[in-house]
Amino acid sequence: MTQREHFDAIVVGAGPAGNSAALTMAREGLNVLQIERGEYPGAKNVQGAILYADALEKLIPDFRDSAPLERHVIEQRMWMLDDESFVGTNYRSDRFNEQRPNRYTIIRAQFDKWFSGKVKEAGALVICETTVTGLLRDKRGRVIGVATDRDQGEVTADVVVLADGVNALVGSRAGLRKELTPRDVALGVKETIFMPREVIDARFNLKGKEGVVIEAAGSVTAGMAGTAFLYTNGESVSIGVGCLISDFAESEVRPYYLLERFKAHPAIAPLIEGGEVKEYAAHMLPEGGYNAIPQLYGDGWVVAGDAAQMLNAIHREGSNLAMTSGRIAGETIAAAKAKGKPMTASTLKAYKRALDDSFLMKDLKKYRRLPKVLHDNKHFFTDYPRLLTHAAETMLRVDGVAKRDKEKAVMGSFRSERGLRGLASDVLKMSRAWR
Amino acid sequence: MLESNSVKVEDKLYQNRYRVDEGKPHVCIQPHTVPSEVLQKLVKLCPAGCYAKADDGTVEVTPDGCLECGTCRVLTAETGDLDWNYPRGGYGIQFKFG
């Protein structure tokens, strides 16, 4: 980095949070430097991936005209699996075939490159192939810039937006936050499997740019807290499975064995048969929820997106929370700059206040008890999927047994597996966690 | 299948695109004679299979196929077994799809 220029803001990372922050500030006329360690924006980023239109529309209202979108989602399947079967729900609606669809499948490496193009158009300076190695502080501890792995790679700015992703190395190594614990993060592994568009259309009952999302829980995670997914892209499907790292540490199951097992499940295998795997990826997901959110601002810095643990695990929302937090961080900084305020903690506190007023913190707060409940109650991932699939089989198999006797057998199986007290306590725990 | 040897992680990684920073591994293990419990677990838990047990009983890491997820980093944060950094800018995994 040759320029000894001082910037209004430095953004670390070019994922959804960093791009949203950089775009917002550049549009407001701030002199923005964005630093990305990948060869191109998206090179280090992994997601399922579902794009939620609402969060992006607030930044780029006409994004549908130019963004690389795979399919819009018209159907959501939720499956509870055992080894041979699943029981589940579907929601499919022609109303999702609307002018401005609500959810899309995307391929992140392509989407992030496109998003970064918008950031550059707005006037930000985007530098790739550069890893931020630390923060520059003044004598009072105020953050005044970043150190990078380039020659003479120190750059100063009034404020640094940390959007460096789930590992959040920059903030934790600078002592701005605690290190992640294995209970706060899940490990997800996924593959991108290519198939002709017509094959996907036929197998998933789709036409045009319609898409399907499958979320699955049960035996596929081998007793660990986690879920699996399959999303249809234009000419590929994204398939993956993720579980808490603390659970992996206990089970010592190889993550890619879980993925292979999911791919081999009798309900999944026919959907991907003959497909060609073109990439295998792994990434962590911040799943600690509200209670794992770190300090979000300080003198000369704010943190957004995965680095701030902004992920709603139960609703599978993350990229929209990243975009929303990045946008609000950018707005907060631009407003402070316009008023000539210094980028101190007391100024940047407005970021936290605005987040608290948004759906983002309201949702995360609503589910704050859920990570612990799921961590401490693995039977939600083992006993219930098995009981429900067996119940479905018992009721659907016609074999001369009277229906009342079948119902008794089903109720008996629930009672003997969980006990009446266990069942009541499970209902109570879940309804509390959902409140 | 959870114990199966039919799945080779090397075959999976072969599909990926890497720019390896030759001679500059971004993950290093502290010298040891007896590996900690968590280091031994990484042999199975690393999604890229970067960790292996050597003949002398120590655990070795070869991070060429690393997916930079950070699982090993989080698991060893308390034991201090690893010196873990991101690769130099522009090196390491370059996801084509992500």
# chains A, B, ... in the order shown; residues from 1 in each chain; ligands from 1
$ residues_around --residues "Leu125 in chain A" --least-positions-apart "4" --cutoff "12 Å" --atoms "only C-alpha atoms" --output "PDB file with N, CA, C and O atoms, in the first residue's frame"
ATOM      1  N   MET A   1       0.850  -1.189   0.000  1.00  0.00           N
ATOM      2  CA  MET A   1       0.000   0.000   0.000  1.00  0.00           C
ATOM      3  C   MET A   1       0.888   1.242   0.000  1.00  0.00           C
ATOM      4  O   MET A   1       1.625   1.462   0.958  1.00  0.00           O
ATOM      5  N   GLN A   3      -0.120   4.543  -0.685  1.00  0.00           N
ATOM      6  CA  GLN A   3      -0.690   5.825  -0.269  1.00  0.00           C
ATOM      7  C   GLN A   3      -0.565   6.013   1.234  1.00  0.00           C
ATOM      8  O   GLN A   3      -0.794   5.100   2.005  1.00  0.00           O
ATOM      9  N   GLU A   5      -2.387   8.097   2.683  1.00  0.00           N
ATOM     10  CA  GLU A   5      -3.605   8.869   2.821  1.00  0.00           C
ATOM     11  C   GLU A   5      -4.321   8.496   4.116  1.00  0.00           C
ATOM     12  O   GLU A   5      -4.253   7.350   4.552  1.00  0.00           O
ATOM     13  N   PHE A   7      -7.956   7.985   5.841  1.00  0.00           N
ATOM     14  CA  PHE A   7      -9.326   7.743   5.368  1.00  0.00           C
ATOM     15  C   PHE A   7     -10.351   8.135   6.425  1.00  0.00           C
ATOM     16  O   PHE A   7     -10.046   8.147   7.631  1.00  0.00           O
ATOM     17  N   ASP A   8     -11.549   8.432   5.964  1.00  0.00           N
ATOM     18  CA  ASP A   8     -12.636   8.655   6.917  1.00  0.00           C
ATOM     19  C   ASP A   8     -12.972   7.343   7.622  1.00  0.00           C
ATOM     20  O   ASP A   8     -13.274   7.315   8.808  1.00  0.00           O
ATOM     21  N   ALA A   9     -12.947   6.244   6.842  1.00  0.00           N
ATOM     22  CA  ALA A   9     -13.306   4.941   7.424  1.00  0.00           C
ATOM     23  C   ALA A   9     -12.563   3.835   6.701  1.00  0.00           C
ATOM     24  O   ALA A   9     -12.370   3.903   5.483  1.00  0.00           O
ATOM     25  N   ILE A  10     -12.169   2.814   7.467  1.00  0.00           N
ATOM     26  CA  ILE A  10     -11.626   1.587   6.887  1.00  0.00           C
ATOM     27  C   ILE A  10     -12.592   0.463   7.219  1.00  0.00           C
ATOM     28  O   ILE A  10     -13.047   0.334   8.366  1.00  0.00           O
ATOM     29  N   VAL A  11     -12.934  -0.332   6.214  1.00  0.00           N
ATOM     30  CA  VAL A  11     -13.805  -1.485   6.419  1.00  0.00           C
ATOM     31  C   VAL A  11     -12.963  -2.735   6.231  1.00  0.00           C
ATOM     32  O   VAL A  11     -12.320  -2.898   5.192  1.00  0.00           O
ATOM     33  N   ALA A  14     -14.933  -7.938   2.834  1.00  0.00           N
ATOM     34  CA  ALA A  14     -15.856  -7.589   1.743  1.00  0.00           C
ATOM     35  C   ALA A  14     -16.960  -8.631   1.598  1.00  0.00           C
ATOM     36  O   ALA A  14     -17.300  -9.074   0.520  1.00  0.00           O
ATOM     37  N   ASN A  19     -19.552  -4.919   2.800  1.00  0.00           N
ATOM     38  CA  ASN A  19     -20.015  -4.250   1.581  1.00  0.00           C
ATOM     39  C   ASN A  19     -21.148  -3.271   1.881  1.00  0.00           C
ATOM     40  O   ASN A  19     -21.211  -2.188   1.302  1.00  0.00           O
ATOM     41  N   ALA A  22     -19.548  -0.223   3.617  1.00  0.00           N
ATOM     42  CA  ALA A  22     -18.722   0.566   2.700  1.00  0.00           C
ATOM     43  C   ALA A  22     -19.596   1.313   1.687  1.00  0.00           C
ATOM     44  O   ALA A  22     -19.370   2.496   1.401  1.00  0.00           O
ATOM     45  N   LEU A  23     -20.612   0.616   1.177  1.00  0.00           N
ATOM     46  CA  LEU A  23     -21.516   1.244   0.203  1.00  0.00           C
ATOM     47  C   LEU A  23     -22.230   2.446   0.821  1.00  0.00           C
ATOM     48  O   LEU A  23     -22.289   3.536   0.234  1.00  0.00           O
ATOM     49  N   MET A  25     -21.438   4.302   3.401  1.00  0.00           N
ATOM     50  CA  MET A  25     -20.562   5.438   3.723  1.00  0.00           C
ATOM     51  C   MET A  25     -20.048   6.123   2.455  1.00  0.00           C
ATOM     52  O   MET A  25     -19.982   7.351   2.393  1.00  0.00           O
ATOM     53  N   ALA A  26     -19.695   5.333   1.433  1.00  0.00           N
ATOM     54  CA  ALA A  26     -19.172   5.926   0.197  1.00  0.00           C
ATOM     55  C   ALA A  26     -20.233   6.798  -0.465  1.00  0.00           C
ATOM     56  O   ALA A  26     -19.952   7.875  -0.984  1.00  0.00           O
ATOM     57  N   LEU A  30     -18.132   9.769   2.124  1.00  0.00           N
ATOM     58  CA  LEU A  30     -16.960   9.501   2.952  1.00  0.00           C
ATOM     59  C   LEU A  30     -15.856   8.869   2.106  1.00  0.00           C
ATOM     60  O   LEU A  30     -16.128   8.169   1.125  1.00  0.00           O
ATOM     61  N   ASN A  31     -14.636   9.127   2.523  1.00  0.00           N
ATOM     62  CA  ASN A  31     -13.461   8.568   1.867  1.00  0.00           C
ATOM     63  C   ASN A  31     -13.195   7.202   2.505  1.00  0.00           C
ATOM     64  O   ASN A  31     -12.697   7.118   3.626  1.00  0.00           O
ATOM     65  N   VAL A  32     -13.582   6.119   1.801  1.00  0.00           N
ATOM     66  CA  VAL A  32     -13.623   4.780   2.407  1.00  0.00           C
ATOM     67  C   VAL A  32     -12.576   3.858   1.779  1.00  0.00           C
ATOM     68  O   VAL A  32     -12.469   3.775   0.556  1.00  0.00           O
ATOM     69  N   LEU A  33     -11.837   3.168   2.627  1.00  0.00           N
ATOM     70  CA  LEU A  33     -10.942   2.098   2.172  1.00  0.00           C
ATOM     71  C   LEU A  33     -11.499   0.774   2.682  1.00  0.00           C
ATOM     72  O   LEU A  33     -11.793   0.632   3.869  1.00  0.00           O
ATOM     73  N   GLN A  34     -11.662  -0.196   1.772  1.00  0.00           N
ATOM     74  CA  GLN A  34     -12.131  -1.520   2.171  1.00  0.00           C
ATOM     75  C   GLN A  34     -11.044  -2.533   1.854  1.00  0.00           C
ATOM     76  O   GLN A  34     -10.479  -2.530   0.758  1.00  0.00           O
ATOM     77  N   ILE A  35     -10.745  -3.400   2.821  1.00  0.00           N
ATOM     78  CA  ILE A  35      -9.633  -4.336   2.672  1.00  0.00           C
ATOM     79  C   ILE A  35     -10.156  -5.775   2.748  1.00  0.00           C
ATOM     80  O   ILE A  35     -10.874  -6.138   3.686  1.00  0.00           O
ATOM     81  N   GLU A  36      -9.793  -6.576   1.752  1.00  0.00           N
ATOM     82  CA  GLU A  36     -10.282  -7.964   1.643  1.00  0.00           C
ATOM     83  C   GLU A  36      -9.075  -8.879   1.444  1.00  0.00           C
ATOM     84  O   GLU A  36      -8.201  -8.584   0.640  1.00  0.00           O
ATOM     85  N   SER A 116     -19.562  -6.022  -4.507  1.00  0.00           N
ATOM     86  CA  SER A 116     -18.352  -5.214  -4.402  1.00  0.00           C
ATOM     87  C   SER A 116     -18.260  -4.221  -5.564  1.00  0.00           C
ATOM     88  O   SER A 116     -17.760  -3.106  -5.397  1.00  0.00           O
ATOM     89  N   GLY A 117     -18.743  -4.625  -6.739  1.00  0.00           N
ATOM     90  CA  GLY A 117     -18.776  -3.708  -7.885  1.00  0.00           C
ATOM     91  C   GLY A 117     -19.593  -2.462  -7.564  1.00  0.00           C
ATOM     92  O   GLY A 117     -19.228  -1.343  -7.941  1.00  0.00           O
ATOM     93  N   LYS A 118     -20.708  -2.665  -6.848  1.00  0.00           N
ATOM     94  CA  LYS A 118     -21.560  -1.530  -6.461  1.00  0.00           C
ATOM     95  C   LYS A 118     -20.822  -0.621  -5.476  1.00  0.00           C
ATOM     96  O   LYS A 118     -20.984   0.602  -5.486  1.00  0.00           O
ATOM     97  N   VAL A 119     -20.035  -1.235  -4.598  1.00  0.00           N
ATOM     98  CA  VAL A 119     -19.267  -0.459  -3.615  1.00  0.00           C
ATOM     99  C   VAL A 119     -18.234   0.411  -4.336  1.00  0.00           C
ATOM    100  O   VAL A 119     -18.065   1.591  -4.021  1.00  0.00           O
ATOM    101  N   LYS A 120     -17.566  -0.188  -5.323  1.00  0.00           N
ATOM    102  CA  LYS A 120     -16.564   0.574  -6.090  1.00  0.00           C
ATOM    103  C   LYS A 120     -17.232   1.705  -6.871  1.00  0.00           C
ATOM    104  O   LYS A 120     -16.721   2.828  -6.906  1.00  0.00           O
ATOM    105  N   GLU A 121     -18.389   1.398  -7.491  1.00  0.00           N
ATOM    106  CA  GLU A 121     -19.123   2.437  -8.231  1.00  0.00           C
ATOM    107  C   GLU A 121     -19.451   3.632  -7.337  1.00  0.00           C
ATOM    108  O   GLU A 121     -19.469   4.777  -7.791  1.00  0.00           O
TER     109      GLU A 121
END
$ residues_around --residues "range 281-289 of chain A" --least-positions-apart "4" --cutoff "6 Å" --atoms "only C-alpha atoms" --output "list of chain:residue names"
A:Asp184, A:Val185, A:Ala186, A:Leu187, A:Gly188, A:Val189, A:Lys190, A:Gln309, A:Ala313, A:Arg368, B:Leu67, B:Cys69
$ write_last_selection --atoms "N, CA and C atoms" --output "tab-separated table (two decimals), in the first residue's frame"
chain	number	residue	atom	x	y	z
A	184	ASP	N	-20.29	-21.50	20.96
A	184	ASP	CA	-20.84	-20.31	20.28
A	184	ASP	C	-20.87	-20.47	18.77
A	185	VAL	N	-20.18	-21.49	18.26
A	185	VAL	CA	-20.03	-21.60	16.81
A	185	VAL	C	-20.33	-23.01	16.32
A	186	ALA	N	-20.92	-23.06	15.14
A	186	ALA	CA	-21.15	-24.35	14.47
A	186	ALA	C	-20.17	-24.46	13.31
A	187	LEU	N	-19.88	-25.69	12.93
A	187	LEU	CA	-19.09	-25.93	11.72
A	187	LEU	C	-20.05	-26.46	10.66
A	188	GLY	N	-20.05	-25.83	9.51
A	188	GLY	CA	-20.86	-26.31	8.39
A	188	GLY	C	-19.95	-26.78	7.27
A	189	VAL	N	-20.30	-27.90	6.65
A	189	VAL	CA	-19.58	-28.33	5.44
A	189	VAL	C	-20.60	-28.42	4.32
A	190	LYS	N	-20.20	-28.06	3.12
A	190	LYS	CA	-21.16	-28.09	2.02
A	190	LYS	C	-20.48	-28.42	0.71
A	309	GLN	N	-21.56	-11.87	15.74
A	309	GLN	CA	-22.46	-13.00	16.09
A	309	GLN	C	-23.90	-12.74	15.65
A	313	ALA	N	-30.14	-18.44	14.20
A	313	ALA	CA	-29.95	-19.85	13.82
A	313	ALA	C	-31.28	-20.53	13.53
A	368	ARG	N	-33.14	-15.68	22.67
A	368	ARG	CA	-31.87	-15.72	23.42
A	368	ARG	C	-31.70	-17.00	24.22
B	67	LEU	N	-9.40	-25.07	4.66
B	67	LEU	CA	-10.55	-24.30	4.17
B	67	LEU	C	-10.74	-23.03	4.99
B	69	CYS	N	-11.66	-22.50	8.02
B	69	CYS	CA	-12.90	-22.37	8.78
B	69	CYS	C	-12.63	-21.87	10.20
$ interface_residues --of "chain A" --to "chain B" --cutoff "7 Å" --atoms "only C-alpha atoms" --output "VMD selection string"
chain A and resid 37 to 39 43 to 47 107 to 110 129 to 131 149 167 180 to 182 187 248 252 to 258 261 278 to 284
$ write_last_selection --atoms "C-alpha atoms" --output "short mmCIF file (atom, residue, chain, number, x, y, z; two decimals), in the first residue's frame"
data_model
loop_
_atom_site.label_atom_id
_atom_site.label_comp_id
_atom_site.auth_asym_id
_atom_site.auth_seq_id
_atom_site.Cartn_x
_atom_site.Cartn_y
_atom_site.Cartn_z
CA ARG A 37 -7.87 -10.86 2.08
CA GLY A 38 -9.23 -13.01 -0.76
CA GLU A 39 -8.09 -12.82 -4.37
CA ALA A 43 -13.10 -15.85 -2.36
CA LYS A 44 -13.15 -16.59 1.38
CA ASN A 45 -16.90 -16.55 1.94
CA VAL A 46 -19.27 -19.48 2.30
CA GLN A 47 -23.03 -19.50 2.76
CA ILE A 107 -23.81 -18.37 -5.20
CA ARG A 108 -21.80 -16.25 -2.81
CA ALA A 109 -18.54 -15.94 -4.73
CA GLN A 110 -20.48 -14.48 -7.65
CA GLU A 129 -5.25 -9.83 -1.49
CA THR A 130 -4.48 -7.97 1.72
CA THR A 131 -4.88 -9.43 5.20
CA ASP A 149 0.55 -7.76 5.60
CA ASN A 167 -13.48 -15.84 13.27
CA LEU A 180 -15.10 -17.63 20.64
CA THR A 181 -15.94 -20.78 22.57
CA PRO A 182 -16.83 -24.09 20.86
CA LEU A 187 -19.09 -25.93 11.72
CA PHE A 248 -18.24 -32.33 17.13
CA GLU A 252 -15.43 -36.98 17.09
CA VAL A 253 -17.41 -37.61 13.90
CA ARG A 254 -15.63 -36.53 10.72
CA PRO A 255 -17.70 -33.61 9.36
CA TYR A 256 -17.59 -34.86 5.76
CA TYR A 257 -18.91 -38.26 6.83
CA LEU A 258 -22.07 -36.49 7.97
CA ARG A 261 -24.51 -39.71 4.96
CA LYS A 278 -17.36 -28.98 -8.20
CA GLU A 279 -16.49 -27.60 -4.79
CA TYR A 280 -16.26 -28.68 -1.16
CA ALA A 281 -16.32 -25.93 1.45
CA ALA A 282 -16.30 -25.55 5.22
CA HIS A 283 -17.06 -22.49 7.30
CA MET A 284 -18.07 -21.63 10.84
#
$ closest_residue --among "A:Val302, A:Leu370, A:Leu206, A:Met411" --to "Lys429 in chain A" --atoms "only C-alpha atoms"
A:Leu370
$ select_by_dssp --residues "chain B" --states "strand (DSSP E)" --output "number ranges by chain"
B: 18-19, 27-29, 51-53, 59-61, 82-84, 92-93
$ atom_distance --atom1 "CA of Arg27 in chain A" --atom2 "CA of Ala338 in chain A"
12.6 Å
$ select_by_dssp --residues "range 227-315 of chain A" --states "helix (DSSP H, G or I)" --output "count of residues only"
28
$ decode --residues "range 11-30 of chain B" --atoms "N, CA, C and O atoms" --output "PDB file, in the first residue's frame"
ATOM      1  N   ASP B  11     -10.165 -36.432  -2.231  1.00  0.00           N
ATOM      2  CA  ASP B  11     -10.970 -36.360  -3.462  1.00  0.00           C
ATOM      3  C   ASP B  11     -11.858 -35.122  -3.462  1.00  0.00           C
ATOM      4  O   ASP B  11     -12.120 -34.535  -4.505  1.00  0.00           O
ATOM      5  N   LYS B  12     -12.331 -34.757  -2.280  1.00  0.00           N
ATOM      6  CA  LYS B  12     -13.183 -33.562  -2.173  1.00  0.00           C
ATOM      7  C   LYS B  12     -12.357 -32.297  -2.403  1.00  0.00           C
ATOM      8  O   LYS B  12     -12.757 -31.397  -3.136  1.00  0.00           O
ATOM      9  N   LEU B  13     -11.184 -32.248  -1.742  1.00  0.00           N
ATOM     10  CA  LEU B  13     -10.357 -31.040  -1.836  1.00  0.00           C
ATOM     11  C   LEU B  13      -9.833 -30.833  -3.248  1.00  0.00           C
ATOM     12  O   LEU B  13      -9.544 -29.697  -3.664  1.00  0.00           O
ATOM     13  N   TYR B  14      -9.706 -31.933  -3.988  1.00  0.00           N
ATOM     14  CA  TYR B  14      -9.172 -31.885  -5.349  1.00  0.00           C
ATOM     15  C   TYR B  14     -10.004 -30.957  -6.243  1.00  0.00           C
ATOM     16  O   TYR B  14      -9.495 -30.373  -7.195  1.00  0.00           O
ATOM     17  N   GLN B  15     -11.291 -30.804  -5.911  1.00  0.00           N
ATOM     18  CA  GLN B  15     -12.178 -29.956  -6.721  1.00  0.00           C
ATOM     19  C   GLN B  15     -11.936 -28.462  -6.467  1.00  0.00           C
ATOM     20  O   GLN B  15     -12.406 -27.623  -7.224  1.00  0.00           O
ATOM     21  N   ASN B  16     -11.260 -28.163  -5.364  1.00  0.00           N
ATOM     22  CA  ASN B  16     -11.154 -26.773  -4.927  1.00  0.00           C
ATOM     23  C   ASN B  16      -9.972 -26.058  -5.565  1.00  0.00           C
ATOM     24  O   ASN B  16      -9.041 -26.681  -6.048  1.00  0.00           O
ATOM     25  N   ARG B  17     -10.029 -24.738  -5.500  1.00  0.00           N
ATOM     26  CA  ARG B  17      -8.935 -23.932  -6.027  1.00  0.00           C
ATOM     27  C   ARG B  17      -8.145 -23.310  -4.874  1.00  0.00           C
ATOM     28  O   ARG B  17      -8.719 -22.656  -4.006  1.00  0.00           O
ATOM     29  N   TYR B  18      -6.843 -23.560  -4.883  1.00  0.00           N
ATOM     30  CA  TYR B  18      -5.970 -23.016  -3.833  1.00  0.00           C
ATOM     31  C   TYR B  18      -4.823 -22.244  -4.461  1.00  0.00           C
ATOM     32  O   TYR B  18      -4.380 -22.569  -5.561  1.00  0.00           O
ATOM     33  N   ARG B  19      -4.342 -21.241  -3.737  1.00  0.00           N
ATOM     34  CA  ARG B  19      -3.039 -20.649  -4.053  1.00  0.00           C
ATOM     35  C   ARG B  19      -2.181 -20.858  -2.813  1.00  0.00           C
ATOM     36  O   ARG B  19      -2.358 -20.178  -1.815  1.00  0.00           O
ATOM     37  N   VAL B  20      -1.318 -21.851  -2.891  1.00  0.00           N
ATOM     38  CA  VAL B  20      -0.545 -22.247  -1.715  1.00  0.00           C
ATOM     39  C   VAL B  20       0.673 -21.328  -1.574  1.00  0.00           C
ATOM     40  O   VAL B  20       1.396 -21.096  -2.535  1.00  0.00           O
ATOM     41  N   ASP B  21       0.849 -20.803  -0.360  1.00  0.00           N
ATOM     42  CA  ASP B  21       2.006 -19.954  -0.056  1.00  0.00           C
ATOM     43  C   ASP B  21       3.149 -20.895   0.330  1.00  0.00           C
ATOM     44  O   ASP B  21       3.320 -21.232   1.499  1.00  0.00           O
ATOM     45  N   GLU B  22       3.901 -21.350  -0.676  1.00  0.00           N
ATOM     46  CA  GLU B  22       4.918 -22.387  -0.468  1.00  0.00           C
ATOM     47  C   GLU B  22       5.876 -22.021   0.666  1.00  0.00           C
ATOM     48  O   GLU B  22       6.408 -20.913   0.713  1.00  0.00           O
ATOM     49  N   GLY B  23       6.068 -22.967   1.561  1.00  0.00           N
ATOM     50  CA  GLY B  23       7.033 -22.768   2.647  1.00  0.00           C
ATOM     51  C   GLY B  23       6.572 -21.839   3.750  1.00  0.00           C
ATOM     52  O   GLY B  23       7.352 -21.506   4.640  1.00  0.00           O
ATOM     53  N   LYS B  24       5.316 -21.368   3.665  1.00  0.00           N
ATOM     54  CA  LYS B  24       4.822 -20.473   4.727  1.00  0.00           C
ATOM     55  C   LYS B  24       3.481 -20.964   5.253  1.00  0.00           C
ATOM     56  O   LYS B  24       2.438 -20.346   5.004  1.00  0.00           O
ATOM     57  N   PRO B  25       3.482 -22.099   5.969  1.00  0.00           N
ATOM     58  CA  PRO B  25       2.207 -22.613   6.498  1.00  0.00           C
ATOM     59  C   PRO B  25       1.584 -21.594   7.463  1.00  0.00           C
ATOM     60  O   PRO B  25       2.306 -21.007   8.266  1.00  0.00           O
ATOM     61  N   HIS B  26       0.273 -21.405   7.326  1.00  0.00           N
ATOM     62  CA  HIS B  26      -0.377 -20.396   8.184  1.00  0.00           C
ATOM     63  C   HIS B  26      -0.863 -20.994   9.504  1.00  0.00           C
ATOM     64  O   HIS B  26      -1.328 -20.265  10.374  1.00  0.00           O
ATOM     65  N   VAL B  27      -0.793 -22.324   9.619  1.00  0.00           N
ATOM     66  CA  VAL B  27      -1.129 -22.971  10.885  1.00  0.00           C
ATOM     67  C   VAL B  27       0.064 -23.826  11.304  1.00  0.00           C
ATOM     68  O   VAL B  27       0.557 -24.627  10.499  1.00  0.00           O
ATOM     69  N   CYS B  28       0.548 -23.630  12.528  1.00  0.00           N
ATOM     70  CA  CYS B  28       1.670 -24.418  13.033  1.00  0.00           C
ATOM     71  C   CYS B  28       1.304 -24.976  14.404  1.00  0.00           C
ATOM     72  O   CYS B  28       0.571 -24.333  15.165  1.00  0.00           O
ATOM     73  N   ILE B  29       1.810 -26.184  14.695  1.00  0.00           N
ATOM     74  CA  ILE B  29       1.566 -26.810  15.997  1.00  0.00           C
ATOM     75  C   ILE B  29       2.783 -26.570  16.879  1.00  0.00           C
ATOM     76  O   ILE B  29       3.917 -26.711  16.416  1.00  0.00           O
ATOM     77  N   GLN B  30       2.536 -26.226  18.136  1.00  0.00           N
ATOM     78  CA  GLN B  30       3.638 -26.073  19.089  1.00  0.00           C
ATOM     79  C   GLN B  30       4.373 -27.405  19.215  1.00  0.00           C
ATOM     80  O   GLN B  30       3.731 -28.459  19.238  1.00  0.00           O
TER      81      GLN B  30
END
